[in-house]
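input.csv (CSV, N, CA, C and O atoms)
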chain,number,residue,atom,x,y,z
A,248,MET,N,-45.7,-27.8,4.3
A,248,MET,CA,-44.5,-28.2,3.6
A,248,MET,C,-43.4,-27.2,3.7
A,248,MET,O,-42.2,-27.6,3.9
A,249,TRP,N,-43.7,-25.9,3.6
A,249,TRP,CA,-42.7,-24.9,3.8
A,249,TRP,C,-42.0,-24.9,5.2
A,249,TRP,O,-40.8,-24.7,5.3
A,250,PRO,N,-42.8,-25.1,6.2
A,250,PRO,CA,-42.1,-25.1,7.5
A,250,PRO,C,-41.1,-26.3,7.6
A,250,PRO,O,-40.0,-26.1,8.2
A,251,LEU,N,-41.4,-27.4,7.0
A,251,LEU,CA,-40.4,-28.5,7.0
A,251,LEU,C,-39.1,-28.1,6.2
A,251,LEU,O,-38.0,-28.5,6.6
A,252,ILE,N,-39.3,-27.5,5.1
A,252,ILE,CA,-38.2,-27.1,4.3
A,252,ILE,C,-37.3,-26.0,5.0
A,252,ILE,O,-36.1,-26.1,5.0
A,253,MET,N,-38.0,-25.1,5.6
A,253,MET,CA,-37.3,-24.0,6.4
A,253,MET,C,-36.6,-24.6,7.6
A,253,MET,O,-35.4,-24.2,7.9
A,254,GLN,N,-37.2,-25.6,8.2
A,254,GLN,CA,-36.5,-26.3,9.4
A,254,GLN,C,-35.3,-27.0,8.9
A,254,GLN,O,-34.2,-27.0,9.6
A,255,PHE,N,-35.4,-27.6,7.7
A,255,PHE,CA,-34.2,-28.4,7.2
A,255,PHE,C,-33.1,-27.4,6.9
A,255,PHE,O,-31.9,-27.6,7.2
A,256,PHE,N,-33.4,-26.3,6.2
A,256,PHE,CA,-32.4,-25.3,5.9
A,256,PHE,C,-31.8,-24.6,7.2
A,256,PHE,O,-30.6,-24.4,7.3
A,257,ARG,N,-32.6,-24.4,8.2
A,257,ARG,CA,-32.2,-23.8,9.4
A,257,ARG,C,-31.2,-24.8,10.2
A,257,ARG,O,-30.2,-24.4,10.7
A,258,SER,N,-31.5,-26.0,10.2
A,258,SER,CA,-30.7,-27.0,11.0
A,258,SER,C,-29.4,-27.3,10.2
A,258,SER,O,-28.5,-27.7,10.8
A,259,ASN,N,-29.4,-27.2,8.9
A,259,ASN,CA,-28.2,-27.5,8.1
A,259,ASN,C,-27.6,-26.3,7.4
A,259,ASN,O,-27.0,-26.5,6.3
A,260,ALA,N,-27.7,-25.2,8.0
A,260,ALA,CA,-27.3,-23.9,7.4
A,260,ALA,C,-25.8,-23.9,7.1
A,260,ALA,O,-25.3,-23.5,6.0
A,261,ALA,N,-25.0,-24.5,8.0
A,261,ALA,CA,-23.5,-24.5,7.8
A,261,ALA,C,-23.2,-25.4,6.6
A,261,ALA,O,-22.2,-25.2,5.9
A,262,TYR,N,-23.9,-26.5,6.4
A,262,TYR,CA,-23.6,-27.4,5.3
A,262,TYR,C,-24.1,-26.9,4.0
A,262,TYR,O,-23.6,-27.4,3.0
A,263,ILE,N,-25.0,-26.0,4.0
A,263,ILE,CA,-25.6,-25.5,2.8
A,263,ILE,C,-24.9,-24.2,2.3
A,263,ILE,O,-24.6,-24.0,1.2
A,264,THR,N,-24.4,-23.4,3.3
A,264,THR,CA,-23.8,-22.1,3.0
A,264,THR,C,-22.5,-22.3,2.3
A,264,THR,O,-22.2,-21.5,1.3
A,265,LEU,N,-21.6,-23.2,2.8
A,265,LEU,CA,-20.3,-23.3,2.2
A,265,LEU,C,-20.3,-23.7,0.7
A,265,LEU,O,-19.6,-23.0,-0.1
A,266,PRO,N,-21.0,-24.7,0.3
A,266,PRO,CA,-21.0,-25.0,-1.2
A,266,PRO,C,-21.6,-23.9,-2.0
A,266,PRO,O,-21.2,-23.6,-3.1
A,267,VAL,N,-22.7,-23.2,-1.5
A,267,VAL,CA,-23.3,-22.1,-2.2
A,267,VAL,C,-22.3,-21.0,-2.4
A,267,VAL,O,-22.1,-20.4,-3.5
A,268,ALA,N,-21.6,-20.6,-1.3
A,268,ALA,CA,-20.6,-19.5,-1.3
A,268,ALA,C,-19.4,-19.9,-2.3
A,268,ALA,O,-18.9,-19.1,-3.0
A,269,THR,N,-19.1,-21.2,-2.3
A,269,THR,CA,-18.0,-21.6,-3.2
A,269,THR,C,-18.4,-21.5,-4.6
A,269,THR,O,-17.6,-21.0,-5.5
A,270,ILE,N,-19.6,-21.9,-4.9
A,270,ILE,CA,-20.1,-21.8,-6.3
A,270,ILE,C,-20.2,-20.3,-6.8
A,270,ILE,O,-19.7,-20.0,-7.9
A,271,VAL,N,-20.7,-19.5,-5.9
A,271,VAL,CA,-20.8,-18.0,-6.2
A,271,VAL,C,-19.4,-17.4,-6.4
A,271,VAL,O,-19.1,-16.7,-7.3
A,272,GLY,N,-18.4,-17.8,-5.6
A,272,GLY,CA,-17.1,-17.3,-5.7
A,272,GLY,C,-16.4,-17.8,-6.9
A,272,GLY,O,-15.7,-17.0,-7.6
A,273,VAL,N,-16.5,-19.0,-7.3
A,273,VAL,CA,-15.9,-19.5,-8.6
A,273,VAL,C,-16.5,-18.8,-9.8
A,273,VAL,O,-15.8,-18.4,-10.7
A,274,ILE,N,-17.8,-18.6,-9.8
A,274,ILE,CA,-18.4,-17.9,-10.9
A,274,ILE,C,-17.9,-16.5,-11.0
A,274,ILE,O,-17.6,-16.0,-12.0
A,275,GLY,N,-17.9,-15.8,-9.8
A,275,GLY,CA,-17.4,-14.4,-9.8
A,275,GLY,C,-15.9,-14.3,-10.2
A,275,GLY,O,-15.6,-13.4,-11.0
A,276,TYR,N,-15.1,-15.2,-9.8
A,276,TYR,CA,-13.7,-15.2,-10.2
A,276,TYR,C,-13.5,-15.4,-11.7
A,276,TYR,O,-12.7,-14.7,-12.3
A,277,ASN,N,-14.3,-16.3,-12.3
A,277,ASN,CA,-14.2,-16.5,-13.7
A,277,ASN,C,-14.7,-15.4,-14.5
A,277,ASN,O,-14.1,-15.0,-15.5
A,278,ILE,N,-15.8,-14.7,-14.0
A,278,ILE,CA,-16.3,-13.6,-14.7
A,278,ILE,C,-15.3,-12.4,-14.7
A,278,ILE,O,-15.0,-11.7,-15.6
A,279,GLU,N,-14.7,-12.2,-13.5
A,279,GLU,CA,-13.7,-11.2,-13.3
A,279,GLU,C,-12.4,-11.5,-14.2
A,279,GLU,O,-11.9,-10.5,-14.8
A,280,SER,N,-12.0,-12.7,-14.3
A,280,SER,CA,-10.8,-13.0,-15.2
A,280,SER,C,-11.2,-12.8,-16.6
A,280,SER,O,-10.3,-12.5,-17.4
A,281,LEU,N,-12.4,-13.0,-17.0
A,281,LEU,CA,-12.8,-12.7,-18.4
A,281,LEU,C,-12.8,-11.2,-18.7
A,281,LEU,O,-12.5,-10.8,-19.8
A,282,LEU,N,-13.3,-10.4,-17.8
A,282,LEU,CA,-13.5,-9.0,-18.0
A,282,LEU,C,-12.2,-8.1,-17.8
A,282,LEU,O,-12.1,-7.1,-18.4
A,283,SER,N,-11.3,-8.6,-17.0
A,283,SER,CA,-10.2,-7.7,-16.6
A,283,SER,C,-8.9,-8.1,-17.4
A,283,SER,O,-8.8,-9.2,-17.8
A,284,ASP,N,-8.0,-7.1,-17.5
A,284,ASP,CA,-6.7,-7.3,-18.1
A,284,ASP,C,-5.7,-7.5,-17.0
A,284,ASP,O,-5.5,-6.7,-16.2
A,285,LYS,N,-5.0,-8.7,-17.0
A,285,LYS,CA,-4.1,-9.0,-16.0
A,285,LYS,C,-2.7,-8.6,-16.3
A,285,LYS,O,-1.8,-8.9,-15.5
A,286,TYR,N,-2.4,-7.9,-17.4
A,286,TYR,CA,-1.1,-7.5,-17.7
A,286,TYR,C,-0.6,-6.3,-16.9
A,286,TYR,O,-1.3,-5.3,-16.9
A,287,THR,N,0.5,-6.4,-16.2
A,287,THR,CA,1.1,-5.3,-15.5
A,287,THR,C,2.4,-5.1,-16.0
A,287,THR,O,3.3,-6.0,-16.0
A,288,PRO,N,2.7,-3.9,-16.5
A,288,PRO,CA,4.0,-3.6,-17.1
A,288,PRO,C,5.1,-3.6,-16.1
A,288,PRO,O,4.9,-3.3,-14.9
A,289,TYR,N,6.3,-4.0,-16.5
A,289,TYR,CA,7.4,-4.1,-15.5
A,289,TYR,C,7.9,-2.7,-15.1
A,289,TYR,O,8.0,-1.8,-16.0
A,290,SER,N,8.2,-2.5,-13.9
A,290,SER,CA,8.7,-1.3,-13.3
A,290,SER,C,9.9,-1.8,-12.4
A,290,SER,O,9.7,-2.7,-11.6
A,291,GLY,N,11.0,-1.1,-12.4
A,291,GLY,CA,12.1,-1.5,-11.6
A,291,GLY,C,11.8,-1.4,-10.1
A,291,GLY,O,10.9,-0.7,-9.7
A,292,SER,N,12.4,-2.2,-9.4
A,292,SER,CA,12.2,-2.3,-7.9
A,292,SER,C,12.7,-1.0,-7.2
A,292,SER,O,13.5,-0.3,-7.8
A,293,ILE,N,12.2,-0.8,-6.0
A,293,ILE,CA,12.6,0.3,-5.3
A,293,ILE,C,14.1,0.3,-5.0
A,293,ILE,O,14.8,1.3,-5.1
A,294,GLN,N,14.7,-0.9,-4.7
A,294,GLN,CA,16.1,-1.1,-4.5
A,294,GLN,C,16.9,-0.7,-5.7
A,294,GLN,O,17.9,0.0,-5.6
A,295,GLU,N,16.4,-1.1,-6.9
A,295,GLU,CA,17.1,-0.7,-8.1
A,295,GLU,C,17.1,0.8,-8.4
A,295,GLU,O,18.1,1.4,-8.8
A,296,LYS,N,16.0,1.4,-8.2
A,296,LYS,CA,15.9,2.8,-8.3
A,296,LYS,C,16.8,3.6,-7.4
A,296,LYS,O,17.4,4.6,-7.7
A,297,ARG,N,16.9,3.1,-6.1
A,297,ARG,CA,17.7,3.7,-5.1
A,297,ARG,C,19.2,3.6,-5.5
A,297,ARG,O,20.0,4.5,-5.4
A,298,ALA,N,19.5,2.4,-6.0
A,298,ALA,CA,20.9,2.2,-6.4
A,298,ALA,C,21.3,3.1,-7.5
A,298,ALA,O,22.4,3.6,-7.6
A,299,GLU,N,20.4,3.3,-8.5
A,299,GLU,CA,20.7,4.2,-9.6
A,299,GLU,C,20.9,5.6,-9.1
A,299,GLU,O,21.8,6.3,-9.6
A,300,ARG,N,20.1,6.1,-8.1
A,300,ARG,CA,20.2,7.4,-7.6
A,300,ARG,C,21.5,7.6,-6.9
A,300,ARG,O,22.2,8.6,-7.0
A,301,ILE,N,21.9,6.6,-6.1
A,301,ILE,CA,23.1,6.6,-5.3
A,301,ILE,C,24.4,6.7,-6.2
A,301,ILE,O,25.3,7.4,-6.0
A,302,THR,N,24.3,5.8,-7.3
A,302,THR,CA,25.5,5.7,-8.2
A,302,THR,C,25.6,6.9,-9.2
A,302,THR,O,26.6,7.0,-9.9
A,303,ASP,N,24.6,7.7,-9.3
A,303,ASP,CA,24.7,8.8,-10.2
A,303,ASP,C,25.7,9.8,-9.7
A,303,ASP,O,25.3,10.7,-8.8
A,304,GLU,N,26.9,9.9,-10.3
A,304,GLU,CA,28.0,10.7,-9.8
A,304,GLU,C,27.7,12.2,-10.1
A,304,GLU,O,28.1,13.1,-9.3
A,305,SER,N,27.1,12.5,-11.2
A,305,SER,CA,26.9,13.9,-11.6
A,305,SER,C,26.1,14.7,-10.6
A,305,SER,O,26.3,15.9,-10.4
A,306,LYS,N,25.1,14.1,-10.0
A,306,LYS,CA,24.2,14.8,-9.1
A,306,LYS,C,24.9,14.9,-7.7
A,306,LYS,O,24.6,15.8,-7.0
A,307,LEU,N,25.8,14.0,-7.4
A,307,LEU,CA,26.5,14.1,-6.1
A,307,LEU,C,27.6,15.1,-6.1
A,307,LEU,O,28.0,15.6,-5.0
A,308,LYS,N,28.1,15.5,-7.2
A,308,LYS,CA,29.2,16.5,-7.3
A,308,LYS,C,28.8,17.9,-6.9
A,308,LYS,O,29.5,18.6,-6.2
A,309,ASP,N,27.6,18.3,-7.3
A,309,ASP,CA,27.1,19.6,-7.0
A,309,ASP,C,26.0,19.5,-6.0
A,309,ASP,O,24.9,19.1,-6.3
A,310,ALA,N,26.2,19.9,-4.8
A,310,ALA,CA,25.3,19.8,-3.7
A,310,ALA,C,24.1,20.8,-3.8
A,310,ALA,O,23.1,20.6,-3.1
A,311,THR,N,24.3,21.8,-4.6
A,311,THR,CA,23.2,22.8,-4.7
A,311,THR,C,22.2,22.4,-5.7
A,311,THR,O,21.1,23.0,-5.8
A,312,ASN,N,22.5,21.5,-6.6
A,312,ASN,CA,21.5,21.0,-7.6
A,312,ASN,C,20.9,19.7,-7.1
A,312,ASN,O,21.2,18.6,-7.6
A,313,VAL,N,19.9,19.8,-6.2
A,313,VAL,CA,19.3,18.6,-5.7
A,313,VAL,C,17.8,18.6,-6.0
A,313,VAL,O,17.1,19.7,-5.9
A,314,GLU,N,17.3,17.5,-6.6
A,314,GLU,CA,15.9,17.5,-6.9
A,314,GLU,C,15.1,17.3,-5.6
A,314,GLU,O,15.6,16.8,-4.6
A,315,LYS,N,13.9,17.8,-5.7
A,315,LYS,CA,13.0,17.6,-4.5
A,315,LYS,C,12.7,16.1,-4.4
A,315,LYS,O,12.6,15.4,-5.3
A,316,LEU,N,12.6,15.7,-3.1
A,316,LEU,CA,12.3,14.3,-2.9
A,316,LEU,C,10.8,14.0,-3.0
A,316,LEU,O,10.0,13.9,-2.0
A,317,VAL,N,10.3,14.0,-4.2
A,317,VAL,CA,8.9,13.9,-4.5
A,317,VAL,C,8.8,12.7,-5.4
A,317,VAL,O,9.5,12.5,-6.4
A,318,TYR,N,7.9,11.8,-5.1
A,318,TYR,CA,7.6,10.6,-5.9
A,318,TYR,C,6.8,11.1,-7.1
A,318,TYR,O,5.7,11.5,-7.0
A,319,LYS,N,7.5,11.0,-8.3
A,319,LYS,CA,6.9,11.7,-9.5
A,319,LYS,C,5.9,10.8,-10.2
A,319,LYS,O,5.2,11.2,-11.1
A,320,GLU,N,5.8,9.5,-9.9
A,320,GLU,CA,4.9,8.6,-10.6
A,320,GLU,C,3.7,8.4,-9.7
A,320,GLU,O,3.6,8.8,-8.6
A,321,ASN,N,2.7,7.8,-10.3
A,321,ASN,CA,1.5,7.5,-9.6
A,321,ASN,C,1.8,6.5,-8.5
A,321,ASN,O,2.6,5.6,-8.7
A,322,VAL,N,1.2,6.7,-7.3
A,322,VAL,CA,1.5,5.8,-6.2
A,322,VAL,C,1.1,4.4,-6.5
A,322,VAL,O,1.7,3.4,-6.1
A,323,LEU,N,0.0,4.2,-7.3
A,323,LEU,CA,-0.4,2.9,-7.7
A,323,LEU,C,0.2,2.5,-9.0
A,323,LEU,O,-0.2,1.5,-9.6
A,324,GLY,N,1.2,3.2,-9.5
A,324,GLY,CA,1.8,2.9,-10.8
A,324,GLY,C,2.3,1.6,-11.0
A,324,GLY,O,2.4,1.0,-12.1
A,325,ARG,N,2.9,1.0,-9.9
A,325,ARG,CA,3.5,-0.3,-10.1
A,325,ARG,C,2.5,-1.4,-10.4
A,325,ARG,O,2.8,-2.3,-11.1
A,326,ASN,N,1.3,-1.4,-9.8
A,326,ASN,CA,0.4,-2.4,-9.9
A,326,ASN,C,-0.9,-1.9,-10.6
A,326,ASN,O,-1.9,-2.6,-10.5
A,327,LEU,N,-0.9,-0.8,-11.2
A,327,LEU,CA,-2.1,-0.2,-11.9
A,327,LEU,C,-2.3,-1.0,-13.2
A,327,LEU,O,-1.5,-1.1,-14.0
A,328,SER,N,-3.5,-1.4,-13.3
A,328,SER,CA,-4.0,-2.1,-14.5
A,328,SER,C,-3.9,-1.2,-15.7
A,328,SER,O,-4.3,0.0,-15.6
A,329,PRO,N,-3.5,-1.6,-16.9
A,329,PRO,CA,-3.4,-0.8,-18.1
A,329,PRO,C,-4.8,-0.3,-18.5
A,329,PRO,O,-4.9,0.8,-19.1
A,330,SER,N,-5.9,-1.0,-18.1
A,330,SER,CA,-7.2,-0.5,-18.5
A,330,SER,C,-7.6,0.7,-17.6
A,330,SER,O,-8.5,1.4,-18.0
A,331,LEU,N,-6.9,0.9,-16.5
A,331,LEU,CA,-7.2,2.1,-15.7
A,331,LEU,C,-6.4,3.3,-16.0
A,331,LEU,O,-6.7,4.4,-15.6
A,332,GLU,N,-5.3,3.1,-16.8
A,332,GLU,CA,-4.5,4.2,-17.2
A,332,GLU,C,-5.1,5.0,-18.3
A,332,GLU,O,-5.4,4.5,-19.4
A,333,LYS,N,-5.4,6.3,-18.1
A,333,LYS,CA,-6.0,7.1,-19.1
A,333,LYS,C,-5.4,8.5,-19.0
A,333,LYS,O,-5.1,9.0,-18.1
Hey, can you dump this file as structure tokens for me?
Amino acid sequence: MWPLIMQFFRSNAAYITLPVATIVGVIGYNIESLLSDKYTPYSGSIQEKRAERITDESKLKDATNVEKLVYKENVLGRNLSPSLEK
């Protein structure tokens, strides 16, 4: 009996794998949505931050007082989940 069942699965593997993978994916997606926090706090866009730096007149008047060009925030700060911030 087992050889017949295995032959059936072997010959219809493509038809069996897709529904099983879909079911596993849907279950995993729903578990992940229950466990994770999807809230991402707003952070201004790069264009807005650049426009603020350019329009800041006080920094442009004194060329000797220039901040280092270092990104002071976390690189993943824009999309970092609040549950990961500690």
>> I need the residue nearest Ser328 in chain A from this list: A:Gly272, A:Pro288, A:Pro266, A:Pro250. Use all atoms listed in the file for the distance.
In response: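 Smallest distance to Ser328 in chain A is found for A:Pro288.
The shortest atom-to-atom distance to Leu331 in chain A, with all atoms listed in the file taken into account, belongs to A:Asp284 out of A:Ile293, A:Ile274, A:Met253, A:Asp284.
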> What is the distance, in Å and to one decimal place, between CA of Ile252 in chain A and CA of Leu265 in chain A?
Replying inline: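 Pair CA of Ile252 in chain A / CA of Leu265 in chain A returns 18.4 Å.
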